[in-house]
>>> print(open('structure_35.json').read())   # JSON, C-alpha atoms
[["chain", "number", "residue", "atom", "x", "y", "z"],
["A", 1, "MET", "CA", 0.00, 0.00, 0.00],
["A", 2, "ASN", "CA", 1.32, 3.46, -0.94],
["A", 3, "ASP", "CA", 0.52, 5.64, 2.07],
["A", 4, "ALA", "CA", 1.50, 8.83, 0.25],
["A", 5, "ILE", "CA", -1.06, 8.21, -2.47],
["A", 6, "LEU", "CA", -3.77, 7.41, 0.05],
["A", 7, "ALA", "CA", -2.93, 10.58, 1.93],
["A", 8, "GLN", "CA", -3.28, 12.54, -1.31],
["A", 9, "ALA", "CA", -6.68, 10.95, -1.94],
["A", 10, "ALA", "CA", -7.84, 11.81, 1.59],
["A", 11, "LYS", "CA", -6.56, 15.36, 1.14],
["A", 12, "THR", "CA", -8.55, 15.61, -2.06],
["A", 13, "ILE", "CA", -11.70, 14.57, -0.19],
["A", 14, "ARG", "CA", -11.18, 17.17, 2.54],
["A", 15, "ALA", "CA", -10.36, 19.91, 0.04],
["A", 16, "ALA", "CA", -13.55, 19.22, -1.93],
["A", 17, "GLN", "CA", -15.87, 20.09, 0.96],
["A", 18, "PRO", "CA", -18.36, 21.59, 0.55],
["A", 19, "GLY", "CA", -17.92, 21.56, -3.23],
["A", 20, "VAL", "CA", -18.27, 17.82, -3.66],
["A", 21, "PRO", "CA", -18.80, 16.45, -7.16],
["A", 22, "ILE", "CA", -22.31, 15.89, -8.45],
["A", 23, "VAL", "CA", -22.71, 12.31, -9.59],
["A", 24, "GLN", "CA", -25.37, 11.01, -11.96],
["A", 25, "ALA", "CA", -25.58, 7.25, -12.59],
["A", 26, "PHE", "CA", -26.85, 5.56, -15.74],
["A", 27, "PHE", "CA", -27.65, 1.87, -15.34],
["A", 28, "HIS", "CA", -27.46, -0.45, -18.36],
["A", 29, "GLU", "CA", -29.62, -3.39, -17.35],
["A", 30, "PRO", "CA", -28.62, -5.84, -20.15],
["A", 31, "SER", "CA", -25.02, -5.82, -18.87],
["A", 32, "CYS", "CA", -25.81, -4.73, -15.30],
["A", 33, "THR", "CA", -23.31, -1.89, -15.76],
["A", 34, "ALA", "CA", -23.35, 1.43, -13.95],
["A", 35, "SER", "CA", -21.90, 4.37, -15.90],
["A", 36, "TYR", "CA", -21.39, 7.76, -14.32],
["A", 37, "VAL", "CA", -21.27, 11.44, -15.18],
["A", 38, "ILE", "CA", -19.37, 13.44, -12.55],
["A", 39, "HIS", "CA", -19.24, 17.19, -12.64],
["A", 40, "ASP", "CA", -17.86, 20.11, -10.71],
["A", 41, "PRO", "CA", -20.78, 22.31, -9.67],
["A", 42, "ALA", "CA", -18.57, 25.42, -9.69],
["A", 43, "THR", "CA", -17.36, 25.14, -13.29],
["A", 44, "LYS", "CA", -19.69, 22.59, -14.94],
["A", 45, "ALA", "CA", -16.62, 20.61, -16.01],
["A", 46, "ALA", "CA", -17.45, 16.89, -16.28],
["A", 47, "ALA", "CA", -16.09, 13.39, -16.69],
["A", 48, "ILE", "CA", -17.83, 10.26, -17.97],
["A", 49, "ILE", "CA", -16.84, 6.91, -16.46],
["A", 50, "ASP", "CA", -17.37, 3.47, -18.07],
["A", 51, "SER", "CA", -19.92, 4.34, -20.74],
["A", 52, "VAL", "CA", -21.74, 1.53, -22.61],
["A", 53, "LEU", "CA", -22.38, 0.88, -26.30],
["A", 54, "ASP", "CA", -25.51, -1.21, -26.79],
["A", 55, "TYR", "CA", -24.62, -4.48, -28.50],
["A", 56, "ASP", "CA", -26.87, -7.40, -29.38],
["A", 57, "ALA", "CA", -24.74, -10.54, -29.62],
["A", 58, "ALA", "CA", -27.37, -12.54, -31.51],
["A", 59, "SER", "CA", -27.71, -10.07, -34.38],
["A", 60, "GLY", "CA", -24.36, -8.27, -34.15],
["A", 61, "ARG", "CA", -26.16, -4.92, -34.05],
["A", 62, "THR", "CA", -24.80, -1.93, -32.17],
["A", 63, "ALA", "CA", -26.81, 1.04, -30.96],
["A", 64, "THR", "CA", -26.22, 4.22, -28.98],
["A", 65, "ARG", "CA", -29.40, 4.39, -26.89],
["A", 66, "SER", "CA", -27.53, 4.23, -23.58],
["A", 67, "ALA", "CA", -24.83, 6.64, -24.68],
["A", 68, "ASP", "CA", -27.47, 9.05, -25.96],
["A", 69, "MET", "CA", -29.01, 9.20, -22.49],
["A", 70, "ILE", "CA", -25.64, 10.39, -21.22],
["A", 71, "ARG", "CA", -25.31, 12.82, -24.12],
["A", 72, "SER", "CA", -28.75, 14.27, -23.41],
["A", 73, "TYR", "CA", -27.95, 14.71, -19.72],
["A", 74, "ILE", "CA", -24.68, 16.48, -20.56],
["A", 75, "HIS", "CA", -26.52, 18.91, -22.85],
["A", 76, "GLN", "CA", -29.40, 19.47, -20.42],
["A", 77, "GLN", "CA", -27.01, 20.31, -17.61],
["A", 78, "ALA", "CA", -24.81, 22.45, -19.90],
["A", 79, "LEU", "CA", -21.72, 20.46, -18.89],
["A", 80, "SER", "CA", -18.32, 20.53, -20.54],
["A", 81, "VAL", "CA", -16.76, 17.07, -20.85],
["A", 82, "GLN", "CA", -13.06, 17.06, -20.04],
["A", 83, "TRP", "CA", -12.51, 13.33, -19.56],
["A", 84, "LEU", "CA", -13.88, 9.97, -20.72],
["A", 85, "LEU", "CA", -12.51, 7.55, -18.15],
["A", 86, "GLU", "CA", -12.33, 3.76, -18.22],
["A", 87, "THR", "CA", -11.62, 1.75, -15.07],
["A", 88, "HIS", "CA", -10.34, -1.22, -17.14],
["A", 89, "ALA", "CA", -10.84, -3.11, -20.40],
["A", 90, "HIS", "CA", -14.32, -4.44, -19.72],
["A", 91, "ALA", "CA", -15.26, -8.04, -20.51],
["A", 92, "ASP", "CA", -19.03, -7.58, -20.25],
["A", 93, "HIS", "CA", -19.83, -4.58, -22.41],
["A", 94, "LEU", "CA", -18.46, -2.49, -25.24],
["A", 95, "SER", "CA", -17.40, 1.07, -24.44],
["A", 96, "SER", "CA", -19.16, 3.98, -26.13],
["A", 97, "ALA", "CA", -16.35, 6.41, -25.33],
["A", 98, "PRO", "CA", -15.36, 7.05, -28.98],
["A", 99, "TYR", "CA", -18.97, 7.84, -29.89],
["A", 100, "LEU", "CA", -19.38, 10.24, -26.97],
["A", 101, "HIS", "CA", -15.98, 11.78, -27.69],
["A", 102, "SER", "CA", -17.02, 12.52, -31.27],
["A", 103, "ILE", "CA", -19.95, 14.59, -29.95],
["A", 104, "LEU", "CA", -18.79, 15.92, -26.60],
["A", 105, "GLY", "CA", -14.99, 16.06, -26.81],
["A", 106, "GLY", "CA", -12.74, 15.32, -23.84],
["A", 107, "LYS", "CA", -9.71, 13.09, -23.36],
["A", 108, "LEU", "CA", -10.00, 9.29, -23.27],
["A", 109, "ALA", "CA", -7.98, 7.75, -20.41],
["A", 110, "ILE", "CA", -7.29, 4.40, -18.73],
["A", 111, "GLY", "CA", -4.59, 2.82, -16.56],
["A", 112, "ARG", "CA", -1.18, 2.31, -18.14],
["A", 113, "ASN", "CA", -1.30, -1.46, -17.66],
["A", 114, "ILE", "CA", -3.74, -1.62, -20.57],
["A", 115, "ILE", "CA", -0.52, -2.04, -22.55],
["A", 116, "ARG", "CA", 0.13, -5.33, -20.74],
["A", 117, "ILE", "CA", -3.44, -6.49, -21.36],
["A", 118, "GLY", "CA", -3.20, -5.51, -25.01],
["A", 119, "ARG", "CA", -0.07, -7.54, -25.55],
["A", 120, "THR", "CA", -1.52, -10.61, -23.82],
["A", 121, "LEU", "CA", -5.09, -10.68, -25.08],
["A", 122, "GLY", "CA", -4.34, -8.93, -28.34],
["A", 123, "ALA", "CA", -2.42, -12.01, -29.37],
["A", 124, "LEU", "CA", -5.58, -14.09, -28.87],
["A", 125, "PHE", "CA", -7.26, -12.09, -31.63],
["A", 126, "ASN", "CA", -4.09, -11.80, -33.74],
["A", 127, "MET", "CA", -4.21, -8.05, -33.18],
["A", 128, "ALA", "CA", -1.04, -6.02, -33.49],
["A", 129, "ALA", "CA", 0.02, -4.46, -30.19],
["A", 130, "THR", "CA", -0.62, -0.72, -30.19],
["A", 131, "ASP", "CA", 0.75, 0.08, -26.73],
["A", 132, "GLY", "CA", -2.23, 2.18, -25.73],
["A", 133, "ILE", "CA", -1.99, 4.76, -28.51],
["A", 134, "GLU", "CA", -5.81, 4.77, -28.84],
["A", 135, "PHE", "CA", -5.98, 6.55, -25.46],
["A", 136, "ASP", "CA", -5.13, 10.19, -24.87],
["A", 137, "ARG", "CA", -3.77, 9.51, -21.37],
["A", 138, "LEU", "CA", -2.42, 6.40, -19.67],
["A", 139, "PHE", "CA", -2.55, 6.83, -15.90],
["A", 140, "ASP", "CA", 0.05, 5.63, -13.44],
["A", 141, "ASP", "CA", -0.67, 4.90, -9.79],
["A", 142, "GLY", "CA", -0.95, 8.15, -7.86],
["A", 143, "ASP", "CA", -1.48, 10.40, -10.88],
["A", 144, "CYS", "CA", -3.71, 13.42, -10.30],
["A", 145, "PHE", "CA", -5.79, 15.33, -12.82],
["A", 146, "SER", "CA", -8.43, 18.03, -12.72],
["A", 147, "ILE", "CA", -12.13, 18.16, -13.49],
["A", 148, "GLY", "CA", -12.74, 21.87, -13.28],
["A", 149, "GLU", "CA", -11.80, 22.80, -9.71],
["A", 150, "LEU", "CA", -11.98, 19.18, -8.50],
["A", 151, "THR", "CA", -8.84, 17.10, -8.15],
["A", 152, "ALA", "CA", -8.99, 13.40, -9.02],
["A", 153, "THR", "CA", -6.47, 10.81, -7.84],
["A", 154, "VAL", "CA", -5.82, 7.54, -9.67],
["A", 155, "LEU", "CA", -5.29, 4.36, -7.66],
["A", 156, "HIS", "CA", -4.01, 1.23, -9.35],
["A", 157, "VAL", "CA", -6.17, -1.60, -7.98],
["A", 158, "PRO", "CA", -5.19, -4.83, -9.81],
["A", 159, "GLY", "CA", -6.63, -8.25, -9.10],
["A", 160, "HIS", "CA", -9.76, -8.41, -11.22],
["A", 161, "THR", "CA", -7.40, -7.65, -14.11],
["A", 162, "PRO", "CA", -3.83, -6.32, -13.98],
["A", 163, "ALA", "CA", -4.96, -2.96, -15.39],
["A", 164, "ASP", "CA", -7.83, -1.92, -13.09],
["A", 165, "VAL", "CA", -7.78, 1.59, -11.66],
["A", 166, "ALA", "CA", -10.10, 3.48, -9.34],
["A", 167, "TYR", "CA", -10.74, 7.22, -9.50],
["A", 168, "VAL", "CA", -11.05, 9.17, -6.24],
["A", 169, "ILE", "CA", -12.80, 12.43, -7.07],
["A", 170, "GLY", "CA", -13.68, 14.67, -4.17],
["A", 171, "ASP", "CA", -15.56, 12.55, -1.63],
["A", 172, "ALA", "CA", -16.32, 9.82, -4.17],
["A", 173, "ALA", "CA", -14.44, 6.72, -5.34],
["A", 174, "PHE", "CA", -15.32, 5.04, -8.62],
["A", 175, "VAL", "CA", -14.05, 1.51, -8.21],
["A", 176, "GLY", "CA", -15.07, -0.28, -11.39],
["A", 177, "ASP", "CA", -15.24, -4.06, -10.94],
["A", 178, "THR", "CA", -12.95, -4.24, -7.90],
["A", 179, "ILE", "CA", -15.71, -4.38, -5.30],
["A", 180, "PHE", "CA", -19.51, -4.53, -5.53],
["A", 181, "MET", "CA", -22.35, -3.65, -3.18],
["A", 182, "PRO", "CA", -21.80, -5.03, 0.35],
["A", 183, "ASP", "CA", -24.52, -7.68, 0.00],
["A", 184, "TYR", "CA", -23.04, -8.96, -3.27],
["A", 185, "GLY", "CA", -19.34, -8.95, -2.45],
["A", 186, "THR", "CA", -16.45, -8.68, -4.85],
["A", 187, "ALA", "CA", -15.38, -9.15, -8.47],
["A", 188, "ARG", "CA", -14.01, -12.33, -9.96],
["A", 189, "ALA", "CA", -10.24, -12.68, -10.23],
["A", 190, "ASP", "CA", -9.84, -15.46, -12.78],
["A", 191, "PHE", "CA", -9.34, -13.46, -15.96],
["A", 192, "PRO", "CA", -5.85, -13.58, -17.55],
["A", 193, "GLY", "CA", -3.49, -11.87, -15.15],
["A", 194, "GLY", "CA", -6.11, -11.74, -12.38],
["A", 195, "ASP", "CA", -5.16, -12.70, -8.85],
["A", 196, "ALA", "CA", -7.37, -13.12, -5.78],
["A", 197, "ARG", "CA", -4.69, -12.13, -3.28],
["A", 198, "GLN", "CA", -3.85, -9.03, -5.28],
["A", 199, "LEU", "CA", -7.55, -8.20, -5.43],
["A", 200, "TYR", "CA", -7.78, -8.44, -1.64],
["A", 201, "ARG", "CA", -4.89, -6.03, -1.21],
["A", 202, "SER", "CA", -6.41, -3.61, -3.72],
["A", 203, "ILE", "CA", -9.74, -3.67, -1.90],
["A", 204, "ARG", "CA", -8.14, -3.08, 1.48],
["A", 205, "ARG", "CA", -6.34, -0.13, -0.06],
["A", 206, "LEU", "CA", -9.66, 1.35, -1.13],
["A", 207, "LEU", "CA", -11.16, 0.66, 2.27],
["A", 208, "ALA", "CA", -8.38, 2.67, 3.91],
["A", 209, "LEU", "CA", -10.03, 5.81, 2.54],
["A", 210, "PRO", "CA", -12.22, 7.76, 5.01],
["A", 211, "ALA", "CA", -15.31, 5.84, 6.12],
["A", 212, "SER", "CA", -17.63, 8.50, 4.69],
["A", 213, "THR", "CA", -16.19, 8.20, 1.19],
["A", 214, "ARG", "CA", -18.93, 7.45, -1.31],
["A", 215, "ILE", "CA", -18.21, 4.31, -3.32],
["A", 216, "PHE", "CA", -19.73, 3.92, -6.78],
["A", 217, "VAL", "CA", -19.49, 0.38, -8.14],
["A", 218, "GLY", "CA", -19.21, -0.70, -11.77],
["A", 219, "HIS", "CA", -21.93, -3.38, -11.71],
["A", 220, "ASP", "CA", -24.83, -4.66, -9.69],
["A", 221, "TYR", "CA", -26.59, -8.01, -10.02],
["A", 222, "LYS", "CA", -29.20, -7.68, -7.27],
["A", 223, "ALA", "CA", -28.01, -9.82, -4.38],
["A", 224, "PRO", "CA", -30.39, -12.55, -3.16],
["A", 225, "GLY", "CA", -33.22, -10.95, -1.23],
["A", 226, "ARG", "CA", -32.83, -7.54, -2.89],
["A", 227, "ASP", "CA", -35.27, -6.67, -5.68],
["A", 228, "ARG", "CA", -33.74, -3.43, -6.94],
["A", 229, "TYR", "CA", -30.45, -2.48, -8.48],
["A", 230, "ALA", "CA", -28.03, -0.41, -6.40],
["A", 231, "TRP", "CA", -24.65, 1.12, -7.13],
["A", 232, "GLN", "CA", -23.77, 3.54, -4.33],
["A", 233, "THR", "CA", -22.44, 2.70, -0.88],
["A", 234, "THR", "CA", -19.66, 3.94, 1.43],
["A", 235, "VAL", "CA", -16.28, 2.78, 2.65],
["A", 236, "GLY", "CA", -17.76, 2.39, 6.14],
["A", 237, "ALA", "CA", -20.58, 0.15, 4.88],
["A", 238, "GLN", "CA", -18.14, -1.99, 2.96],
["A", 239, "ARG", "CA", -15.87, -2.42, 5.95],
["A", 240, "SER", "CA", -18.72, -3.50, 8.22],
["A", 241, "ASP", "CA", -21.01, -5.40, 5.85],
["A", 242, "ASN", "CA", -19.30, -6.67, 2.70],
["A", 243, "ILE", "CA", -20.02, -10.39, 2.62],
["A", 244, "HIS", "CA", -16.62, -11.24, 1.12],
["A", 245, "VAL", "CA", -14.14, -8.73, 2.48],
["A", 246, "ARG", "CA", -15.48, -6.90, 5.55],
["A", 247, "ASP", "CA", -13.11, -6.08, 8.37],
["A", 248, "GLY", "CA", -11.80, -9.26, 10.00],
["A", 249, "VAL", "CA", -11.66, -11.34, 6.79],
["A", 250, "SER", "CA", -8.08, -12.40, 6.18],
["A", 251, "GLU", "CA", -6.31, -12.47, 2.84],
["A", 252, "GLU", "CA", -6.02, -16.25, 3.10],
["A", 253, "ASP", "CA", -9.73, -16.73, 3.71],
["A", 254, "PHE", "CA", -10.68, -14.30, 0.97],
["A", 255, "ALA", "CA", -8.39, -15.90, -1.61],
["A", 256, "LEU", "CA", -9.74, -19.37, -0.81],
["A", 257, "MET", "CA", -13.34, -18.17, -1.13],
["A", 258, "ARG", "CA", -12.68, -16.18, -4.31],
["A", 259, "GLU", "CA", -10.81, -18.98, -6.08],
["A", 260, "GLN", "CA", -13.45, -21.56, -5.20],
["A", 261, "ARG", "CA", -16.24, -19.25, -6.33],
["A", 262, "ASP", "CA", -14.48, -18.28, -9.56],
["A", 263, "ALA", "CA", -14.09, -21.94, -10.49],
["A", 264, "THR", "CA", -17.88, -22.18, -10.77],
["A", 265, "LEU", "CA", -18.36, -19.09, -12.97],
["A", 266, "SER", "CA", -18.93, -19.24, -16.71],
["A", 267, "VAL", "CA", -17.19, -17.06, -19.28],
["A", 268, "PRO", "CA", -19.01, -13.71, -19.61],
["A", 269, "GLN", "CA", -21.32, -13.71, -22.62],
["A", 270, "LEU", "CA", -19.74, -10.68, -24.25],
["A", 271, "LEU", "CA", -16.12, -11.29, -23.28],
["A", 272, "LEU", "CA", -14.84, -12.04, -26.79],
["A", 273, "PRO", "CA", -16.45, -9.11, -28.60],
["A", 274, "ALA", "CA", -15.96, -6.72, -25.67],
["A", 275, "VAL", "CA", -12.27, -7.28, -25.04],
["A", 276, "GLN", "CA", -11.16, -6.87, -28.64],
["A", 277, "VAL", "CA", -13.08, -3.58, -28.89],
["A", 278, "ASN", "CA", -12.17, -2.19, -25.47],
["A", 279, "LEU", "CA", -8.47, -2.87, -25.91],
["A", 280, "ARG", "CA", -8.73, -0.26, -28.67],
["A", 281, "GLY", "CA", -10.45, 2.31, -26.50],
["A", 282, "GLY", "CA", -13.91, 1.25, -27.64],
["A", 283, "ARG", "CA", -13.15, 1.68, -31.33],
["A", 284, "LEU", "CA", -14.88, -0.80, -33.62],
["A", 285, "PRO", "CA", -12.84, -2.59, -36.30],
["A", 286, "GLN", "CA", -12.40, -0.90, -39.64],
["A", 287, "ALA", "CA", -14.90, -1.92, -42.31],
["A", 288, "GLU", "CA", -13.64, -4.48, -44.81],
["A", 289, "THR", "CA", -13.87, -4.15, -48.59],
["A", 290, "ASN", "CA", -17.60, -4.95, -48.54],
["A", 291, "GLY", "CA", -18.27, -2.09, -46.14],
["A", 292, "ILE", "CA", -19.03, -4.37, -43.16],
["A", 293, "ARG", "CA", -17.17, -4.48, -39.84],
["A", 294, "TYR", "CA", -16.33, -7.86, -38.31],
["A", 295, "LEU", "CA", -15.44, -9.06, -34.82],
["A", 296, "LYS", "CA", -13.35, -12.20, -34.39],
["A", 297, "ILE", "CA", -14.41, -15.23, -32.39],
["A", 298, "PRO", "CA", -11.38, -17.43, -31.65],
["A", 299, "LEU", "CA", -12.43, -21.07, -31.47],
["A", 300, "ASP", "CA", -11.25, -23.40, -28.69],
["A", 301, "ALA", "CA", -8.79, -20.80, -27.46],
["A", 302, "PHE", "CA", -10.40, -19.33, -24.36],
["A", 303, "GLY", "CA", -12.39, -20.52, -21.40],
["A", 304, "LYS", "CA", -12.76, -23.77, -19.54]]
>>> encode(input="structure_35.json", output="structure tokens")
Amino acid sequence: MNDAILAQAAKTIRAAQPGVPIVQAFFHEPSCTASYVIHDPATKAAAIIDSVLDYDAASGRTATRSADMIRSYIHQQALSVQWLLETHAHADHLSSAPYLHSILGGKLAIGRNIIRIGRTLGALFNMAATDGIEFDRLFDDGDCFSIGELTATVLHVPGHTPADVAYVIGDAAFVGDTIFMPDYGTARADFPGGDARQLYRSIRRLLALPASTRIFVGHDYKAPGRDRYAWQTTVGAQRSDNIHVRDGVSEEDFALMREQRDATLSVPQLLLPAVQVNLRGGRLPQAETNGIRYLKIPLDAFGK
């Protein structure tokens, strides 16, 4: 754990009071993904986190309905988009960041370890390594950037994948797939380069932030007994109530639980189309000579 980076994140939270960021969530039910628009109330500067491109696997059709909801909100609130942020290369949905960028502007950013993911998984699709050139900014652990008068701090939180990052913006932390709502638990750690013990350490790093820090998760699947989707909680609630990693759960116990649970999980339905698009910052393949774009499906090369 890097105490200096955590101290910077805590300082950011204190400095943001009372001008905390305004957060608007957009939930994409087909992929159970929560996207977010964050803006600085003083300047109307905004960032979009983990946007979704609608994709129907059966027909191969794409659509921008979900992204257009974000676009409409941005226009209605008269916001100026400075950043389009990705927490990692998603395996369960395609990013709509390039589409939103073409309309709203801003810089597309992700953690620097996307280069590592690109070299590993890019080979699966016979894609040439591009070393992250599709992104405007590759963040390192501890990097800070501005959204208007708000300061955001980047925390590298590997485990789910080697490239996951969380964004601490004011009193809010956007944690992607690292941790879910307390009654659902935590993300899987069995993707290439994933590691349950590393995930535990990343989560404990997040939970070292102040207890009042708002946590916004990347997905929700409605835990047993809960009939509505939820995506906002706090560090304090996670530390006391998270069914997988609350205070008192050891790294050894967590890793055993996570590895046993992951062994029962199937490959995400959209993993193959999503990864090859998201490694390129959400950009779809170029059309071939017949004017049609194609995604590759490698046979007998992935999964159990």
>>> atom_distance(input="structure_35.json", atom1="atom CA of A:Ser95", atom2="atom CA of A:Arg205")
26.8 Å
>>> atom_distance(input="structure_35.json", atom1="atom CA of A:Met69", atom2="atom CA of A:Leu279")
24.1 Å
>>> residues_around(input="structure_35.json", residues="A:Ala34", least_positions_apart="5", cutoff="9 Å", atoms="all atoms listed in the file", output="tab-separated table (two decimals) with C-alpha atoms, keeping the file's coordinate frame")
chain	number	residue	atom	x	y	z
A	25	ALA	CA	-25.58	7.25	-12.59
A	26	PHE	CA	-26.85	5.56	-15.74
A	27	PHE	CA	-27.65	1.87	-15.34
A	28	HIS	CA	-27.46	-0.45	-18.36
A	29	GLU	CA	-29.62	-3.39	-17.35
A	49	ILE	CA	-16.84	6.91	-16.46
A	50	ASP	CA	-17.37	3.47	-18.07
A	51	SER	CA	-19.92	4.34	-20.74
A	52	VAL	CA	-21.74	1.53	-22.61
A	176	GLY	CA	-15.07	-0.28	-11.39
A	216	PHE	CA	-19.73	3.92	-6.78
A	217	VAL	CA	-19.49	0.38	-8.14
A	218	GLY	CA	-19.21	-0.70	-11.77
A	219	HIS	CA	-21.93	-3.38	-11.71
A	220	ASP	CA	-24.83	-4.66	-9.69
A	231	TRP	CA	-24.65	1.12	-7.13
>>> residues_around(input="structure_35.json", residues="A:Ser212", least_positions_apart="3", cutoff="10 Å", atoms="only C-alpha atoms", output="ChimeraX atom specification")
/A:13,171-172,209,215,233-237
>>> residues_around(input="structure_35.json", residues="A:Val20", least_positions_apart="5", cutoff="12 Å", atoms="all atoms listed in the file", output="list of chain:residue names")
A:Thr12, A:Ile13, A:Arg14, A:Ala15, A:Ile38, A:His39, A:Asp40, A:Pro41, A:Ala42, A:Ile147, A:Gly148, A:Glu149, A:Leu150, A:Thr151, A:Ala152, A:Val168, A:Ile169, A:Gly170, A:Asp171, A:Ala172, A:Ala173, A:Thr213, A:Arg214
>>> write_last_selection(input="structure_35.json", atoms="C-alpha atoms", output="compact mmCIF listing (two decimals), in the frame of the given file")
# COMPACT_ATOMS: atom_id res chain seq x y z
CA THR A 12 -8.55 15.61 -2.06
CA ILE A 13 -11.70 14.57 -0.19
CA ARG A 14 -11.18 17.17 2.54
CA ALA A 15 -10.36 19.91 0.04
CA ILE A 38 -19.37 13.44 -12.55
CA HIS A 39 -19.24 17.19 -12.64
CA ASP A 40 -17.86 20.11 -10.71
CA PRO A 41 -20.78 22.31 -9.67
CA ALA A 42 -18.57 25.42 -9.69
CA ILE A 147 -12.13 18.16 -13.49
CA GLY A 148 -12.74 21.87 -13.28
CA GLU A 149 -11.80 22.80 -9.71
CA LEU A 150 -11.98 19.18 -8.50
CA THR A 151 -8.84 17.10 -8.15
CA ALA A 152 -8.99 13.40 -9.02
CA VAL A 168 -11.05 9.17 -6.24
CA ILE A 169 -12.80 12.43 -7.07
CA GLY A 170 -13.68 14.67 -4.17
CA ASP A 171 -15.56 12.55 -1.63
CA ALA A 172 -16.32 9.82 -4.17
CA ALA A 173 -14.44 6.72 -5.34
CA THR A 213 -16.19 8.20 1.19
CA ARG A 214 -18.93 7.45 -1.31
>>> residues_around(input="structure_35.json", residues="A:Asp241", least_positions_apart="5", cutoff="9 Å", atoms="all atoms listed in the file", output="VMD selection string")
chain A and resid 182 to 183 236 246 to 247
>>> atom_distance(input="structure_35.json", atom1="atom CA of A:Ala166", atom2="atom CA of A:Asp141")
9.5 Å
>>> closest_residue(input="structure_35.json", among="A:Gly185, A:Pro298, A:Pro285, A:Gly291", to="A:Ile243", atoms="only C-alpha atoms")
A:Gly185
>>> residues_around(input="structure_35.json", residues="A:Ala97", least_positions_apart="3", cutoff="9 Å", atoms="only C-alpha atoms", output="ChimeraX atom specification")
/A:48-53,67,84-86,100-102,108,281-283
>>> closest_residue(input="structure_35.json", among="A:Lys222, A:Asn242, A:Pro210, A:Ala274", to="A:Leu295", atoms="all atoms listed in the file")
A:Ala274
>>> closest_residue(input="structure_35.json", among="A:Leu79, A:Ala128, A:Ala47, A:Ile133", to="A:Gly106", atoms="only C-alpha atoms")
A:Ala47
>>> closest_residue(input="structure_35.json", among="A:Ser31, A:Gln76, A:Gln82, A:Gln260", to="A:Thr43", atoms="all atoms listed in the file")
A:Gln82
>>> closest_residue(input="structure_35.json", among="A:Arg228, A:Arg201, A:Leu104, A:Ser35", to="A:His75", atoms="all atoms listed in the file")
A:Leu104
>>> closest_residue(input="structure_35.json", among="A:Ala78, A:Thr130, A:Asp177, A:Val154", to="A:Cys32", atoms="all atoms listed in the file")
A:Asp177
